[in-house]
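Heads up, target.cif below (mmCIF, N, CA and C atoms and all ligand atoms):
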```
data_entry
loop_
_atom_site.label_atom_id
_atom_site.label_comp_id
_atom_site.auth_asym_id
_atom_site.auth_seq_id
_atom_site.Cartn_x
_atom_site.Cartn_y
_atom_site.Cartn_z
N MET W 99 -0.54 12.79 -12.80
CA MET W 99 -1.51 11.96 -12.07
C MET W 99 -2.26 11.07 -13.05
N LYS W 100 -2.28 9.77 -12.74
CA LYS W 100 -3.04 8.84 -13.58
C LYS W 100 -4.22 8.32 -12.78
N THR W 101 -5.35 8.17 -13.41
CA THR W 101 -6.54 7.66 -12.73
C THR W 101 -7.04 6.40 -13.41
N PHE W 102 -7.36 5.40 -12.60
CA PHE W 102 -7.90 4.14 -13.12
C PHE W 102 -9.19 3.85 -12.39
N ALA W 103 -10.16 3.29 -13.08
CA ALA W 103 -11.39 2.82 -12.43
C ALA W 103 -11.31 1.30 -12.36
N THR W 104 -11.66 0.73 -11.20
CA THR W 104 -11.75 -0.74 -11.12
C THR W 104 -13.16 -1.09 -10.63
N HIS W 105 -13.58 -2.31 -10.94
CA HIS W 105 -14.96 -2.71 -10.66
C HIS W 105 -15.05 -3.99 -9.84
N SER W 106 -13.90 -4.45 -9.35
CA SER W 106 -13.88 -5.64 -8.48
C SER W 106 -12.53 -5.65 -7.78
N ALA W 107 -12.46 -6.44 -6.70
CA ALA W 107 -11.19 -6.59 -6.00
C ALA W 107 -10.14 -7.18 -6.95
N GLU W 108 -10.57 -8.11 -7.80
CA GLU W 108 -9.64 -8.75 -8.74
C GLU W 108 -9.04 -7.70 -9.68
N GLU W 109 -9.87 -6.75 -10.14
CA GLU W 109 -9.34 -5.72 -11.03
C GLU W 109 -8.33 -4.82 -10.31
N THR W 110 -8.58 -4.58 -9.04
CA THR W 110 -7.64 -3.74 -8.29
C THR W 110 -6.33 -4.49 -8.08
N THR W 111 -6.42 -5.79 -7.82
CA THR W 111 -5.20 -6.59 -7.68
C THR W 111 -4.42 -6.60 -9.00
N ALA W 112 -5.14 -6.74 -10.10
CA ALA W 112 -4.47 -6.74 -11.41
C ALA W 112 -3.79 -5.39 -11.67
N LEU W 113 -4.44 -4.32 -11.25
CA LEU W 113 -3.84 -2.99 -11.40
C LEU W 113 -2.55 -2.91 -10.57
N GLY W 114 -2.59 -3.47 -9.38
CA GLY W 114 -1.39 -3.49 -8.52
C GLY W 114 -0.24 -4.23 -9.19
N ARG W 115 -0.56 -5.33 -9.85
CA ARG W 115 0.49 -6.10 -10.54
C ARG W 115 1.15 -5.25 -11.62
N ARG W 116 0.34 -4.51 -12.37
CA ARG W 116 0.89 -3.65 -13.43
C ARG W 116 1.68 -2.49 -12.84
N LEU W 117 1.16 -1.96 -11.75
CA LEU W 117 1.80 -0.82 -11.11
C LEU W 117 3.20 -1.18 -10.60
N ALA W 118 3.37 -2.41 -10.20
CA ALA W 118 4.66 -2.86 -9.65
C ALA W 118 5.79 -2.56 -10.63
N ALA W 119 5.49 -2.68 -11.91
CA ALA W 119 6.52 -2.45 -12.93
C ALA W 119 7.01 -1.00 -12.94
N GLU W 120 6.19 -0.11 -12.38
CA GLU W 120 6.55 1.31 -12.39
C GLU W 120 7.12 1.81 -11.06
N LEU W 121 7.06 0.97 -10.05
CA LEU W 121 7.56 1.40 -8.74
C LEU W 121 9.04 1.08 -8.62
N LYS W 122 9.79 2.06 -8.22
CA LYS W 122 11.24 1.88 -8.13
C LYS W 122 11.67 1.53 -6.72
N PRO W 123 12.69 0.69 -6.60
CA PRO W 123 13.25 0.38 -5.28
C PRO W 123 13.74 1.67 -4.62
N GLY W 124 13.69 1.69 -3.31
CA GLY W 124 14.16 2.85 -2.58
C GLY W 124 13.12 3.94 -2.46
N THR W 125 11.84 3.58 -2.61
CA THR W 125 10.81 4.61 -2.55
C THR W 125 9.79 4.35 -1.44
N VAL W 126 9.11 5.42 -1.10
CA VAL W 126 8.04 5.37 -0.11
C VAL W 126 6.73 5.69 -0.82
N VAL W 127 5.77 4.79 -0.67
CA VAL W 127 4.48 4.94 -1.33
C VAL W 127 3.41 5.11 -0.25
N LEU W 128 2.68 6.22 -0.32
CA LEU W 128 1.55 6.40 0.60
C LEU W 128 0.29 5.89 -0.06
N LEU W 129 -0.45 5.06 0.67
CA LEU W 129 -1.73 4.54 0.18
C LEU W 129 -2.83 5.21 0.98
N ARG W 130 -3.62 6.04 0.32
CA ARG W 130 -4.66 6.78 1.03
C ARG W 130 -6.04 6.31 0.62
N GLY W 131 -6.98 6.43 1.52
CA GLY W 131 -8.36 6.03 1.24
C GLY W 131 -9.01 5.52 2.51
N ASP W 132 -10.35 5.58 2.56
CA ASP W 132 -11.09 5.16 3.74
C ASP W 132 -10.88 3.67 4.02
N LEU W 133 -11.32 3.24 5.18
CA LEU W 133 -11.33 1.81 5.50
C LEU W 133 -12.16 1.09 4.46
N GLY W 134 -11.63 0.02 3.92
CA GLY W 134 -12.37 -0.75 2.92
C GLY W 134 -12.27 -0.19 1.51
N ALA W 135 -11.46 0.85 1.34
CA ALA W 135 -11.32 1.44 0.00
C ALA W 135 -10.66 0.44 -0.96
N GLY W 136 -9.68 -0.28 -0.45
CA GLY W 136 -8.99 -1.25 -1.32
C GLY W 136 -7.47 -1.12 -1.29
N LYS W 137 -6.95 -0.46 -0.25
CA LYS W 137 -5.49 -0.24 -0.16
C LYS W 137 -4.76 -1.58 -0.06
N THR W 138 -5.22 -2.42 0.87
CA THR W 138 -4.56 -3.71 1.05
C THR W 138 -4.75 -4.59 -0.19
N THR W 139 -5.89 -4.48 -0.81
CA THR W 139 -6.16 -5.25 -2.04
C THR W 139 -5.17 -4.87 -3.14
N LEU W 140 -4.86 -3.58 -3.22
CA LEU W 140 -3.88 -3.13 -4.21
C LEU W 140 -2.50 -3.69 -3.89
N VAL W 141 -2.16 -3.72 -2.61
CA VAL W 141 -0.85 -4.25 -2.20
C VAL W 141 -0.72 -5.73 -2.57
N LYS W 142 -1.82 -6.47 -2.52
CA LYS W 142 -1.78 -7.89 -2.95
C LYS W 142 -1.21 -7.98 -4.37
N GLY W 143 -1.68 -7.11 -5.23
CA GLY W 143 -1.21 -7.13 -6.61
C GLY W 143 0.23 -6.64 -6.74
N ILE W 144 0.56 -5.61 -5.98
CA ILE W 144 1.94 -5.09 -6.03
C ILE W 144 2.90 -6.18 -5.58
N ALA W 145 2.55 -6.91 -4.53
CA ALA W 145 3.42 -7.98 -4.02
C ALA W 145 3.56 -9.08 -5.07
N GLU W 146 2.47 -9.38 -5.77
CA GLU W 146 2.56 -10.39 -6.84
C GLU W 146 3.45 -9.89 -7.97
N GLY W 147 3.30 -8.62 -8.30
CA GLY W 147 4.09 -8.04 -9.38
C GLY W 147 5.59 -8.12 -9.12
N PHE W 148 5.96 -8.03 -7.87
CA PHE W 148 7.38 -8.13 -7.51
C PHE W 148 7.80 -9.56 -7.20
N HIS W 149 6.91 -10.52 -7.42
CA HIS W 149 7.18 -11.93 -7.10
C HIS W 149 7.62 -12.06 -5.65
N ALA W 150 6.97 -11.26 -4.81
CA ALA W 150 7.35 -11.24 -3.39
C ALA W 150 6.36 -12.04 -2.54
N ALA W 151 5.13 -12.21 -3.02
CA ALA W 151 4.11 -12.97 -2.30
C ALA W 151 2.93 -13.27 -3.22
N GLN W 152 2.16 -14.29 -2.85
CA GLN W 152 0.90 -14.56 -3.53
C GLN W 152 -0.16 -13.65 -2.90
N ALA W 153 -1.13 -13.26 -3.69
CA ALA W 153 -2.18 -12.35 -3.20
C ALA W 153 -2.81 -12.86 -1.89
N ASP W 154 -3.08 -14.17 -1.83
CA ASP W 154 -3.75 -14.73 -0.64
C ASP W 154 -2.90 -14.62 0.62
N ASP W 155 -1.61 -14.51 0.43
CA ASP W 155 -0.71 -14.44 1.59
C ASP W 155 -0.52 -13.01 2.08
N VAL W 156 -1.05 -12.06 1.34
CA VAL W 156 -0.95 -10.65 1.75
C VAL W 156 -2.20 -10.29 2.54
N THR W 157 -2.02 -10.02 3.83
CA THR W 157 -3.15 -9.67 4.69
C THR W 157 -2.89 -8.31 5.32
N SER W 158 -3.94 -7.75 5.90
CA SER W 158 -3.81 -6.41 6.46
C SER W 158 -2.87 -6.40 7.67
N PRO W 159 -1.93 -5.47 7.69
CA PRO W 159 -1.06 -5.36 8.87
C PRO W 159 -1.66 -4.49 9.98
N THR W 160 -2.98 -4.45 10.06
CA THR W 160 -3.64 -3.56 11.03
C THR W 160 -3.14 -3.82 12.46
N PHE W 161 -3.01 -5.08 12.84
CA PHE W 161 -2.60 -5.41 14.21
C PHE W 161 -1.11 -5.68 14.32
N THR W 162 -0.54 -6.23 13.25
CA THR W 162 0.88 -6.57 13.26
C THR W 162 1.75 -5.37 12.87
N LEU W 163 1.12 -4.37 12.27
CA LEU W 163 1.72 -3.09 11.88
C LEU W 163 2.66 -3.15 10.67
N ILE W 164 3.51 -4.16 10.58
CA ILE W 164 4.42 -4.23 9.44
C ILE W 164 4.46 -5.67 8.92
N HIS W 165 4.25 -5.84 7.64
CA HIS W 165 4.46 -7.13 6.99
C HIS W 165 5.59 -6.99 5.97
N GLU W 166 6.44 -8.01 5.91
CA GLU W 166 7.58 -7.98 5.00
C GLU W 166 7.39 -9.05 3.93
N TYR W 167 7.56 -8.65 2.68
CA TYR W 167 7.47 -9.60 1.56
C TYR W 167 8.75 -9.48 0.74
N ARG W 168 9.50 -10.54 0.71
CA ARG W 168 10.80 -10.50 0.01
C ARG W 168 10.70 -11.04 -1.40
N GLY W 169 10.99 -10.20 -2.35
CA GLY W 169 11.07 -10.65 -3.73
C GLY W 169 12.52 -10.83 -4.12
N PRO W 170 12.75 -11.33 -5.33
CA PRO W 170 14.13 -11.54 -5.78
C PRO W 170 14.93 -10.23 -5.88
N ALA W 171 14.26 -9.14 -6.21
CA ALA W 171 14.99 -7.89 -6.40
C ALA W 171 14.68 -6.85 -5.32
N VAL W 172 13.48 -6.94 -4.77
CA VAL W 172 13.00 -5.88 -3.89
C VAL W 172 12.29 -6.50 -2.68
N THR W 173 12.50 -5.89 -1.52
CA THR W 173 11.73 -6.29 -0.34
C THR W 173 10.65 -5.23 -0.10
N LEU W 174 9.41 -5.70 0.02
CA LEU W 174 8.30 -4.79 0.27
C LEU W 174 7.98 -4.79 1.76
N TYR W 175 7.77 -3.59 2.29
CA TYR W 175 7.27 -3.47 3.66
C TYR W 175 5.89 -2.84 3.59
N HIS W 176 4.89 -3.60 3.98
CA HIS W 176 3.50 -3.13 4.00
C HIS W 176 3.19 -2.72 5.43
N ILE W 177 2.92 -1.45 5.60
CA ILE W 177 2.82 -0.84 6.93
C ILE W 177 1.45 -0.21 7.11
N ASP W 178 0.84 -0.42 8.27
CA ASP W 178 -0.46 0.18 8.55
C ASP W 178 -0.36 1.02 9.82
N LEU W 179 -0.51 2.32 9.67
CA LEU W 179 -0.37 3.22 10.82
C LEU W 179 -1.71 3.60 11.43
N TYR W 180 -2.77 2.88 11.08
CA TYR W 180 -4.13 3.21 11.59
C TYR W 180 -4.14 3.27 13.11
N ARG W 181 -3.42 2.35 13.76
CA ARG W 181 -3.44 2.27 15.22
C ARG W 181 -2.30 3.03 15.88
N ILE W 182 -1.52 3.72 15.08
CA ILE W 182 -0.38 4.47 15.62
C ILE W 182 -0.77 5.95 15.71
N ASP W 183 -0.74 6.47 16.93
CA ASP W 183 -1.22 7.84 17.10
C ASP W 183 -0.16 8.85 17.53
N THR W 184 0.89 8.40 18.14
CA THR W 184 1.88 9.36 18.64
C THR W 184 3.24 9.15 17.96
N GLN W 185 4.01 10.22 18.00
CA GLN W 185 5.36 10.15 17.43
C GLN W 185 6.18 9.07 18.13
N ARG W 186 5.95 8.94 19.43
CA ARG W 186 6.67 7.95 20.23
C ARG W 186 6.38 6.53 19.73
N GLU W 187 5.10 6.26 19.48
CA GLU W 187 4.73 4.93 18.96
C GLU W 187 5.34 4.71 17.58
N LEU W 188 5.31 5.78 16.79
CA LEU W 188 5.88 5.68 15.44
C LEU W 188 7.37 5.36 15.53
N ASP W 189 8.06 6.03 16.44
CA ASP W 189 9.51 5.81 16.59
C ASP W 189 9.82 4.35 16.91
N THR W 190 8.96 3.71 17.68
CA THR W 190 9.25 2.31 18.06
C THR W 190 9.22 1.39 16.85
N LEU W 191 8.60 1.82 15.77
CA LEU W 191 8.56 0.97 14.56
C LEU W 191 9.87 1.05 13.77
N ALA W 192 10.66 2.09 14.05
CA ALA W 192 11.98 2.24 13.41
C ALA W 192 11.89 2.09 11.89
N LEU W 193 10.95 2.80 11.29
CA LEU W 193 10.75 2.67 9.84
C LEU W 193 11.98 3.10 9.04
N ASP W 194 12.78 4.00 9.61
CA ASP W 194 13.99 4.44 8.92
C ASP W 194 14.90 3.26 8.58
N ASP W 195 14.91 2.29 9.48
CA ASP W 195 15.78 1.12 9.27
C ASP W 195 15.30 0.29 8.08
N LEU W 196 14.05 0.45 7.70
CA LEU W 196 13.49 -0.35 6.59
C LEU W 196 13.73 0.31 5.24
N MET W 197 14.06 1.61 5.27
CA MET W 197 14.27 2.34 4.01
C MET W 197 15.66 2.06 3.49
N THR W 198 15.76 1.22 2.50
CA THR W 198 17.05 0.90 1.89
C THR W 198 16.89 1.05 0.37
N PRO W 199 18.00 1.02 -0.36
CA PRO W 199 17.90 1.12 -1.83
C PRO W 199 17.18 -0.08 -2.45
N HIS W 200 16.98 -1.15 -1.65
CA HIS W 200 16.37 -2.36 -2.19
C HIS W 200 14.98 -2.60 -1.63
N SER W 201 14.41 -1.60 -0.95
CA SER W 201 13.09 -1.82 -0.36
C SER W 201 12.11 -0.77 -0.85
N ILE W 202 10.85 -1.13 -0.76
CA ILE W 202 9.76 -0.19 -1.02
C ILE W 202 8.84 -0.24 0.18
N LEU W 203 8.52 0.94 0.73
CA LEU W 203 7.58 1.01 1.83
C LEU W 203 6.21 1.38 1.27
N LEU W 204 5.22 0.55 1.58
CA LEU W 204 3.84 0.78 1.16
C LEU W 204 3.07 1.09 2.44
N ILE W 205 2.71 2.36 2.63
CA ILE W 205 2.20 2.77 3.94
C ILE W 205 0.73 3.18 3.88
N GLU W 206 -0.11 2.46 4.65
CA GLU W 206 -1.51 2.85 4.81
C GLU W 206 -1.60 3.78 6.02
N TRP W 207 -2.39 4.83 5.91
CA TRP W 207 -2.60 5.84 6.96
C TRP W 207 -1.31 6.59 7.29
N GLY W 208 -0.38 6.64 6.36
CA GLY W 208 0.85 7.40 6.57
C GLY W 208 0.60 8.89 6.64
N GLU W 209 -0.52 9.35 6.04
CA GLU W 209 -0.80 10.79 6.02
C GLU W 209 -1.10 11.33 7.43
N LYS W 210 -1.26 10.44 8.41
CA LYS W 210 -1.44 10.90 9.79
C LYS W 210 -0.18 11.61 10.30
N PHE W 211 0.94 11.37 9.65
CA PHE W 211 2.20 11.95 10.09
C PHE W 211 2.78 12.82 8.97
N GLU W 212 2.96 14.09 9.30
CA GLU W 212 3.42 15.09 8.34
C GLU W 212 4.69 14.61 7.60
N ARG W 213 5.54 13.94 8.33
CA ARG W 213 6.79 13.48 7.75
C ARG W 213 6.58 12.66 6.48
N PHE W 214 5.60 11.79 6.50
CA PHE W 214 5.39 10.91 5.34
C PHE W 214 4.71 11.65 4.20
N VAL W 215 3.91 12.64 4.54
CA VAL W 215 3.30 13.47 3.49
C VAL W 215 4.41 14.19 2.74
N ARG W 216 5.43 14.63 3.47
CA ARG W 216 6.56 15.33 2.86
C ARG W 216 7.48 14.38 2.11
N GLU W 217 7.72 13.22 2.69
CA GLU W 217 8.78 12.36 2.16
C GLU W 217 8.32 11.33 1.14
N ARG W 218 7.03 11.17 0.96
CA ARG W 218 6.58 10.11 0.06
C ARG W 218 6.98 10.41 -1.36
N ASP W 219 7.36 9.37 -2.08
CA ASP W 219 7.74 9.50 -3.49
C ASP W 219 6.53 9.35 -4.40
N VAL W 220 5.60 8.50 -3.97
CA VAL W 220 4.40 8.21 -4.76
C VAL W 220 3.21 8.25 -3.82
N GLU W 221 2.11 8.83 -4.29
CA GLU W 221 0.89 8.81 -3.50
C GLU W 221 -0.21 8.16 -4.33
N ILE W 222 -0.87 7.18 -3.72
CA ILE W 222 -1.97 6.50 -4.38
C ILE W 222 -3.23 6.73 -3.54
N VAL W 223 -4.24 7.30 -4.16
CA VAL W 223 -5.49 7.57 -3.45
C VAL W 223 -6.58 6.69 -4.04
N ILE W 224 -7.25 5.94 -3.19
CA ILE W 224 -8.34 5.08 -3.67
C ILE W 224 -9.67 5.61 -3.13
N GLU W 225 -10.58 5.86 -4.05
CA GLU W 225 -11.89 6.40 -3.68
C GLU W 225 -12.95 5.35 -3.91
N HIS W 226 -13.79 5.17 -2.91
CA HIS W 226 -14.92 4.26 -2.99
C HIS W 226 -16.04 4.96 -3.75
N LYS W 227 -16.44 4.40 -4.87
CA LYS W 227 -17.47 5.09 -5.66
C LYS W 227 -18.84 4.42 -5.54
N GLY W 228 -19.02 3.58 -4.55
CA GLY W 228 -20.29 2.87 -4.40
C GLY W 228 -20.20 1.50 -5.04
N GLY W 229 -20.81 0.51 -4.40
CA GLY W 229 -20.73 -0.86 -4.89
C GLY W 229 -19.29 -1.30 -4.93
N ASP W 230 -18.90 -1.91 -6.02
CA ASP W 230 -17.52 -2.41 -6.12
C ASP W 230 -16.65 -1.48 -6.95
N GLU W 231 -17.17 -0.32 -7.31
CA GLU W 231 -16.35 0.57 -8.12
C GLU W 231 -15.40 1.41 -7.27
N ARG W 232 -14.17 1.50 -7.76
CA ARG W 232 -13.17 2.31 -7.07
C ARG W 232 -12.43 3.16 -8.09
N LEU W 233 -12.04 4.37 -7.67
CA LEU W 233 -11.14 5.17 -8.49
C LEU W 233 -9.77 5.14 -7.82
N VAL W 234 -8.77 4.79 -8.59
CA VAL W 234 -7.40 4.70 -8.07
C VAL W 234 -6.58 5.79 -8.76
N LYS W 235 -6.14 6.76 -7.97
CA LYS W 235 -5.38 7.89 -8.51
C LYS W 235 -3.93 7.76 -8.07
N ILE W 236 -3.06 7.80 -9.04
CA ILE W 236 -1.64 7.61 -8.76
C ILE W 236 -0.86 8.86 -9.15
N GLY W 237 -0.17 9.40 -8.19
CA GLY W 237 0.56 10.62 -8.51
C GLY W 237 1.86 10.72 -7.74
N1 LIG U 301 -12.92 -2.51 -6.98
C1 LIG U 301 -12.48 -2.95 -5.78
N2 LIG U 301 -11.19 -2.73 -5.40
C2 LIG U 301 -10.74 -3.14 -4.20
N3 LIG U 301 -11.49 -3.78 -3.28
C3 LIG U 301 -12.77 -4.01 -3.59
C4 LIG U 301 -13.32 -3.63 -4.85
N4 LIG U 301 -14.62 -3.99 -4.88
C5 LIG U 301 -14.85 -4.58 -3.70
N5 LIG U 301 -13.77 -4.62 -2.92
C6 LIG U 301 -13.71 -5.15 -1.55
O1 LIG U 301 -13.46 -4.06 -0.69
C7 LIG U 301 -12.61 -4.48 0.39
C8 LIG U 301 -11.34 -3.66 0.39
O2 LIG U 301 -10.63 -4.00 1.55
P1 LIG U 301 -9.13 -3.60 1.80
O3 LIG U 301 -8.33 -3.76 0.57
O4 LIG U 301 -8.70 -4.33 3.03
O5 LIG U 301 -9.29 -2.03 2.11
P2 LIG U 301 -8.36 -1.03 2.91
O6 LIG U 301 -7.00 -1.64 3.03
O7 LIG U 301 -8.38 0.21 2.10
O8 LIG U 301 -9.03 -0.83 4.25
C9 LIG U 301 -12.33 -5.95 0.19
O9 LIG U 301 -13.28 -6.70 0.92
C10 LIG U 301 -12.57 -6.12 -1.31
O10 LIG U 301 -12.96 -7.45 -1.65
MG MG U 302 -5.79 -2.05 4.67
#
```
Can you present the structure in this file as structure tokens?
Amino acid sequence: MKTFATHSAEETTALGRRLAAELKPGTVVLLRGDLGAGKTTLVKGIAEGFHAAQADDVTSPTFTLIHEYRGPAVTLYHIDLYRIDTQRELDTLALDDLMTPHSILLIEWGEKFERFVRERDVEIVIEHKGGDERLVKIG
């Protein structure tokens, strides 16, 4: 487990860019933390790191549920399960179809479903420490 402290949204985005170099295609990443912790902010940097999107173009998939960002080597799927409560609703998203050797799933609120807690390859927990400080734990 590695822990990083960030002190602004920009620092969290920069951490995401660096983290991208360590994330392997074909993996599922759970992003945990309260609303406003900085999960989507971290994804902005990860998407930049994969040359899949500019930070400004990465927005929360809260209502759209899944955003796709295609990079030259890897396609990122940024998924938000905050509004998904039942297995039936989850099934309609057909997330299995998105899991390929060339994709990475970045899932917010995935811990609501036992399956993702079991199947995740990487777990990132972001803790709000007051003000703009965040602790980002990667394991
Ligand atoms: N150190 C920090 N890291 C990430 N976001 C921060 C930080 N400091 C302040 N913020 C702000 O907190 C909010 C985080 O929002 P967001 O990334 O959408 O959170 P989440 O996806 O976890 O709900 C943004 O408004 C961002 O500008
Ligand atoms: Mg979010």
Inset, instruction - Write down as a ChimeraX atom specification the residues belonging to chain W that are assigned strand (DSSP E or B) by DSSP computed on the backbone. - result: /W:100-104,125-130,164-168,173-178,201-206,220-226,232-236
Inset, instruction - For a cut-off of 12 Å around (-2.8, -3.7, -14.5), file coordinates, pick out all residues using only C-alpha atoms and list them as a list in words. - result: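 The distance filter leaves exactly Phe102, Ala103, Thr104, Glu108, Glu109, Thr110, Thr111, Ala112, Leu113, Gly114, Arg115, Arg116, Leu117, Ala118, Ala119, Glu120, Leu140, Gly143, Ile144, Glu146, Gly147 and Val234 of chain W.
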Legend entry - Distance criterion (only N, CA and C atoms and all ligand atoms): nearest to ligand LIG 301 (chain U) out of W:Lys137, W:Arg130, W:Lys100, W:Arg216: W:Lys137
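Residue neighbourhood of Asp194 (chain W), excluding near-sequence residues (fewer than 6 positions): Gly124, Thr125, Val126, Tyr175, Leu188, Ser201, Ile202, Leu203, Arg213, Phe214 and Glu217 of chain W, at 12 Å, using only C-alpha atoms.
Comparing the minimum interatomic distances between Ala145 (chain W) and each of W:Leu129, W:Tyr167, W:Ser158, W:Glu206, counting all atoms listed in the file, we find that W:Tyr167 sits nearest.
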Inset, instruction - Have a look at W:Leu121, W:Leu128, W:Leu174, W:Val141 and name the one nearest to ligand LIG 301 (chain U); count all atoms listed in the file. - result: W:Val141
